[in-house]
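To be precise, the following lines are work-v6.txt, and they hold compact mmCIF, C-alpha atoms.
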```txt
# COMPACT_ATOMS: atom_id res chain seq x y z
CA MET A 1 165.23 -10.08 101.69
CA HIS A 2 167.98 -12.40 102.83
CA GLU A 3 171.34 -10.98 103.81
CA LEU A 4 173.97 -11.57 101.13
CA THR A 5 175.98 -14.56 102.32
CA HIS A 6 179.15 -13.95 100.30
CA ILE A 7 179.63 -10.29 101.31
CA ARG A 8 181.06 -9.26 104.67
CA LYS A 9 179.81 -6.16 106.48
CA ASP A 10 182.84 -4.22 105.15
CA GLY A 11 181.90 -5.13 101.56
CA THR A 12 184.62 -7.68 100.91
CA ILE A 13 183.88 -11.07 99.37
CA THR A 14 184.06 -14.23 101.45
CA MET A 15 183.45 -17.92 100.97
CA VAL A 16 180.70 -19.06 103.32
CA ASP A 17 181.84 -21.35 106.13
CA VAL A 18 179.64 -24.46 105.91
CA GLY A 19 181.70 -26.48 108.39
CA ASN A 20 179.09 -26.34 111.17
CA LYS A 21 176.11 -27.14 108.96
CA PRO A 22 174.63 -30.64 109.14
CA LYS A 23 174.95 -32.94 106.14
CA THR A 24 171.60 -33.42 104.46
CA MET A 25 170.53 -34.82 101.09
CA ARG A 26 170.64 -32.01 98.52
CA THR A 27 169.17 -32.25 95.04
CA ALA A 28 168.85 -29.85 92.12
CA LEU A 29 167.18 -30.05 88.74
CA ALA A 30 167.98 -27.56 85.96
CA GLU A 31 167.09 -27.17 82.30
CA GLY A 32 168.10 -25.28 79.18
CA PHE A 33 167.49 -25.30 75.43
CA ILE A 34 169.29 -24.94 72.13
CA THR A 35 167.35 -23.99 69.02
CA LEU A 36 168.53 -25.52 65.75
CA SER A 37 167.57 -25.48 62.09
CA GLN A 38 165.55 -28.43 60.84
CA THR A 39 168.56 -29.67 58.85
CA THR A 40 170.85 -29.63 61.89
CA PHE A 41 168.15 -31.20 64.07
CA ASP A 42 167.72 -34.05 61.58
CA LEU A 43 171.47 -34.65 61.35
CA LEU A 44 171.74 -34.70 65.14
CA LYS A 45 168.72 -36.98 65.51
CA ASN A 46 170.14 -39.44 62.94
CA GLN A 47 173.67 -39.28 64.42
CA ALA A 48 174.92 -38.01 61.06
CA LEU A 49 176.81 -34.90 62.22
CA PRO A 50 180.42 -34.63 60.99
CA LYS A 51 181.74 -34.68 64.58
CA GLY A 52 179.65 -37.67 65.70
CA ASP A 53 177.01 -38.30 68.37
CA ALA A 54 176.32 -34.86 69.84
CA LEU A 55 173.94 -36.04 72.55
CA ALA A 56 176.33 -38.68 73.93
CA CYS A 57 179.15 -36.14 73.93
CA ALA A 58 176.92 -33.52 75.63
CA LYS A 59 175.93 -35.99 78.33
CA ILE A 60 179.56 -36.74 79.19
CA ALA A 61 180.48 -33.03 79.06
CA GLY A 62 177.61 -32.13 81.40
CA ILE A 63 178.63 -34.75 83.94
CA LEU A 64 182.26 -33.59 83.85
CA ALA A 65 181.17 -29.95 84.14
CA ALA A 66 179.09 -30.58 87.27
CA LYS A 67 182.16 -32.11 88.91
CA GLN A 68 184.29 -29.08 87.94
CA THR A 69 181.91 -26.37 89.20
CA PRO A 70 184.09 -25.19 92.13
CA HIS A 71 186.93 -24.65 89.63
CA LEU A 72 184.70 -22.41 87.51
CA ILE A 73 182.59 -20.48 90.05
CA PRO A 74 184.96 -18.81 92.54
CA LEU A 75 182.94 -19.14 95.76
CA CYS A 76 181.45 -22.61 95.21
CA HIS A 77 182.54 -25.34 97.60
CA PRO A 78 184.05 -28.58 96.35
CA LEU A 79 181.34 -31.18 96.90
CA HIS A 80 181.11 -34.92 96.98
CA LEU A 81 178.46 -35.43 94.29
CA THR A 82 176.61 -38.71 94.69
CA PHE A 83 174.62 -38.58 91.43
CA ILE A 84 174.70 -36.64 88.17
CA ASP A 85 172.40 -37.24 85.22
CA ILE A 86 172.07 -35.36 81.95
CA ARG A 87 168.83 -36.01 80.06
CA PRO A 88 168.51 -34.67 76.50
CA SER A 89 165.13 -34.44 74.78
CA LEU A 90 164.49 -33.76 71.12
CA ILE A 91 161.64 -31.26 70.66
CA PRO A 92 160.37 -31.27 67.05
CA THR A 93 158.81 -27.79 67.14
CA ASP A 94 159.25 -25.13 64.47
CA PRO A 95 162.10 -24.34 64.87
CA PRO A 96 163.24 -27.55 66.57
CA LYS A 97 165.01 -27.53 69.93
CA ILE A 98 167.02 -29.78 72.17
CA ARG A 99 166.19 -29.62 75.87
CA ILE A 100 168.86 -30.60 78.37
CA GLU A 101 167.82 -31.44 81.91
CA SER A 102 170.37 -32.11 84.61
CA GLU A 103 169.86 -33.69 87.99
CA VAL A 104 172.54 -33.51 90.68
CA ARG A 105 172.55 -34.97 94.20
CA SER A 106 174.87 -34.75 97.16
CA LEU A 107 174.84 -35.63 100.83
CA GLY A 108 176.49 -32.51 102.16
CA GLU A 109 176.46 -29.15 103.92
CA THR A 110 175.55 -27.00 100.92
CA GLY A 111 173.36 -27.17 97.84
CA VAL A 112 174.03 -28.40 94.32
CA GLU A 113 172.12 -25.78 92.32
CA MET A 114 175.23 -24.37 90.68
CA GLU A 115 176.43 -27.84 89.69
CA ALA A 116 173.10 -28.53 87.95
CA ILE A 117 173.13 -25.18 86.12
CA VAL A 118 176.77 -25.54 85.04
CA ALA A 119 176.04 -29.07 83.79
CA VAL A 120 173.19 -27.81 81.59
CA SER A 121 175.25 -24.88 80.31
CA ILE A 122 178.20 -27.01 79.25
CA ALA A 123 176.03 -29.78 77.77
CA LEU A 124 174.30 -27.16 75.59
CA THR A 125 177.60 -25.56 74.63
CA THR A 126 178.89 -29.00 73.66
CA ILE A 127 175.91 -29.51 71.36
CA TYR A 128 176.74 -26.16 69.78
CA ASP A 129 180.34 -27.28 69.28
CA MET A 130 179.27 -30.61 67.79
CA CYS A 131 176.84 -28.89 65.35
CA LYS A 132 178.78 -25.75 64.38
CA ALA A 133 180.23 -27.37 61.26
CA VAL A 134 176.72 -27.32 59.75
CA GLN A 135 175.14 -24.34 61.53
CA ARG A 136 176.50 -21.31 63.39
CA ASP A 137 173.33 -19.38 64.29
CA MET A 138 172.04 -21.79 66.95
CA VAL A 139 170.61 -20.11 70.05
CA ILE A 140 171.19 -21.31 73.60
CA GLY A 141 168.78 -20.07 76.26
CA GLY A 142 166.21 -20.72 78.93
CA ILE A 143 168.79 -22.03 81.41
CA ARG A 144 167.20 -22.12 84.84
CA LEU A 145 166.87 -23.97 88.11
CA LEU A 146 163.68 -26.04 88.07
CA GLU A 147 163.80 -27.31 91.63
CA LYS A 148 165.99 -27.96 94.60
CA THR A 149 165.58 -29.82 97.87
CA GLY A 150 167.39 -29.72 101.17
CA GLY A 151 169.07 -27.01 103.15
CA MET A 152 168.05 -24.23 105.54
CA ARG A 153 165.94 -22.38 102.97
CA GLY A 154 163.94 -25.50 102.18
CA ASP A 155 162.65 -26.75 98.89
CA TYR A 156 162.13 -24.69 95.74
CA LYS A 157 160.12 -25.43 92.62
CA ALA A 158 160.02 -23.04 89.64
CA GLU A 159 156.67 -21.98 88.29
CA GLY A 160 155.75 -22.85 84.72
```
Could you quickly redo this structure as C-alpha cells?
Amino acid sequence: MHELTHIRKDGTITMVDVGNKPKTMRTALAEGFITLSQTTFDLLKNQALPKGDALACAKIAGILAAKQTPHLIPLCHPLHLTFIDIRPSLIPTDPPKIRIESEVRSLGETGVEMEAIVAVSIALTTIYDMCKAVQRDMVIGGIRLLEKTGGMRGDYKAEG
C-alpha cells in the first residue's frame, strides 16, 4: 500500500507539493458509456435530435471540462495541457450505446488522469442533456482510466 499523499500525519488534507518533481510527458486515456434507446440512438446518429449535433457538442464539452478539472476537484493542480481529444463511438448493440474515449497529455510534474476522467464524464453528461428531450432513462456508466504513462509510479494499463 502507498501512503495517502493528500493526508498529513495529523489527518488534515493537503495539496501535494509537486514543485521539486521533474517535468515529464504525462498521458492518460479514459472511457465511459451511455446506453440509449434505439430511437434516441438513431436520432443521434442521424443528427436529428431537437437540440442538434450531440456528438459535436459532447466533444467540445469534454475538452472544456478537462481544462477546468482543478476548478472541480479540490486538490488537483492547474496543469498546462498540451493535447486533449474526445473520441465518440457509436455501438449498435441491443440496447445501443455511445462510447466516449478521452486522451489528455501534458508535459508537467503531475499526471493527467483526473483530466481524462472528468472529460469523459462531462462529455457523457452532455450527450444526456442533448438527448433528454426524447429520452430520460439513459444510463451513464463504465467510466474508468484505461491507461496512463509517466510519473514516479510508472505506466498503468487497465485489464479487459
>> So that I can check the surroundings of Val18 in chain A, please list as a ChimeraX atom specification every protein, DNA and RNA residue that reaches within 7 Å of it, counting only C-alpha atoms and ignoring chain neighbours fewer than 2 positions away.
In response: /A:16,20-21,109-110
> Counting only C-alpha atoms, which residues come within 9 Å of (179.9, -35.3, 87.7), with the point read in the file's coordinates, and could you list them as a VMD selection string?
Replying inline: chain A and resid 60 to 68 81 to 85 104 115 119
Could you take the residues named above and write them with C-alpha atoms, as an mmCIF file, in the frame of the given file?
```cif
data_model
loop_
_atom_site.group_PDB
_atom_site.id
_atom_site.type_symbol
_atom_site.label_atom_id
_atom_site.label_comp_id
_atom_site.auth_asym_id
_atom_site.auth_seq_id
_atom_site.Cartn_x
_atom_site.Cartn_y
_atom_site.Cartn_z
ATOM 1 C CA ILE A 60 179.560 -36.740 79.190
ATOM 2 C CA ALA A 61 180.480 -33.030 79.060
ATOM 3 C CA GLY A 62 177.610 -32.130 81.400
ATOM 4 C CA ILE A 63 178.630 -34.750 83.940
ATOM 5 C CA LEU A 64 182.260 -33.590 83.850
ATOM 6 C CA ALA A 65 181.170 -29.950 84.140
ATOM 7 C CA ALA A 66 179.090 -30.580 87.270
ATOM 8 C CA LYS A 67 182.160 -32.110 88.910
ATOM 9 C CA GLN A 68 184.290 -29.080 87.940
ATOM 10 C CA LEU A 81 178.460 -35.430 94.290
ATOM 11 C CA THR A 82 176.610 -38.710 94.690
ATOM 12 C CA PHE A 83 174.620 -38.580 91.430
ATOM 13 C CA ILE A 84 174.700 -36.640 88.170
ATOM 14 C CA ASP A 85 172.400 -37.240 85.220
ATOM 15 C CA VAL A 104 172.540 -33.510 90.680
ATOM 16 C CA GLU A 115 176.430 -27.840 89.690
ATOM 17 C CA ALA A 119 176.040 -29.070 83.790
#
```
If you take all atoms listed in the file and a cut-off of 10 Å, which residues of range 77-150 of chain A touch range 34-48 of chain A, and what are their nearest atom pairs and distances in Å to one decimal, in chain and number order, as CSV?
```
residue,atom,partner,partner_atom,distance
A:Leu90,CA,A:Lys45,CA,7.7
A:Ile91,CA,A:Phe41,CA,9.3
A:Pro92,CA,A:Phe41,CA,8.3
A:Thr93,CA,A:Gln38,CA,9.2
A:Asp94,CA,A:Gln38,CA,8.0
A:Pro95,CA,A:Ser37,CA,6.2
A:Pro96,CA,A:Leu36,CA,5.7
A:Lys97,CA,A:Thr35,CA,4.3
A:Ile98,CA,A:Ile34,CA,5.3
A:Arg99,CA,A:Ile34,CA,6.7
A:Ile100,CA,A:Ile34,CA,8.4
A:Leu124,CA,A:Ile34,CA,6.5
A:Thr125,CA,A:Ile34,CA,8.7
A:Ile127,CA,A:Ile34,CA,8.1
A:Tyr128,CA,A:Ile34,CA,7.9
A:Met130,CA,A:Leu44,CA,9.0
A:Cys131,CA,A:Thr40,CA,7.0
A:Lys132,CA,A:Thr40,CA,9.2
A:Ala133,CA,A:Thr40,CA,9.7
A:Val134,CA,A:Thr40,CA,6.7
A:Gln135,CA,A:Thr40,CA,6.8
A:Arg136,CA,A:Leu36,CA,9.3
A:Asp137,CA,A:Leu36,CA,7.9
A:Met138,CA,A:Leu36,CA,5.3
A:Val139,CA,A:Thr35,CA,5.2
A:Ile140,CA,A:Ile34,CA,4.4
A:Gly141,CA,A:Ile34,CA,6.4
A:Gly142,CA,A:Ile34,CA,8.6
A:Ile143,CA,A:Ile34,CA,9.7
```
>> Would you pick out the contacts of Thr24 in chain A at 8 Å or less, using all atoms listed in the file, so that residues sharing its chain but fewer than 4 positions from it are not included, and give the list as a VMD selection string?
In response: chain A and resid 107 to 109 150 to 151
> Residues around (167.4, -31.1, 102.5), cut-off 8 Å, counting all atoms listed in the file - what are they as a list of chain:residue names?
Replying inline: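 Residues with an atom at most 8 Å from (167.4, -31.1, 102.5): A:Thr24, A:Met25, A:Arg26, A:Thr27, A:Thr149, A:Gly150, A:Gly151, A:Met152, A:Gly154, A:Asp155.
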Suppose we keep C-alpha atoms; can you now write the selection as a compact mmCIF listing (two decimals), in the coordinates of the input?
```txt
# COMPACT_ATOMS: atom_id res chain seq x y z
CA THR A 24 171.60 -33.42 104.46
CA MET A 25 170.53 -34.82 101.09
CA ARG A 26 170.64 -32.01 98.52
CA THR A 27 169.17 -32.25 95.04
CA THR A 149 165.58 -29.82 97.87
CA GLY A 150 167.39 -29.72 101.17
CA GLY A 151 169.07 -27.01 103.15
CA MET A 152 168.05 -24.23 105.54
CA GLY A 154 163.94 -25.50 102.18
CA ASP A 155 162.65 -26.75 98.89
```
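When CA of Lys59 in chain A is paired with CA of Ala116 in chain A, their separation reads 12.5 Å.
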> Interatomic distance between CA of Gly52 in chain A and CA of Arg87 in chain A?
Replying inline: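 If I compute the distance from CA of Gly52 in chain A to CA of Arg87 in chain A, I get 18.1 Å.
Atom to atom, CA of Ala158 in chain A and CA of Leu145 in chain A stand 7.1 Å apart.
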> Counting all atoms listed in the file, which of A:Ile117, A:Leu49, A:Ala54, A:Met15 gets nearest to Glu147 in chain A?
Replying inline: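 Closest residue, counting all atoms listed in the file: A:Ile117.
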>> When you count all atoms listed in the file, which of these residues is closest to Leu146 in chain A: A:Asp53, A:Glu103, A:Asp17, A:Glu31?
In response: A:Glu31
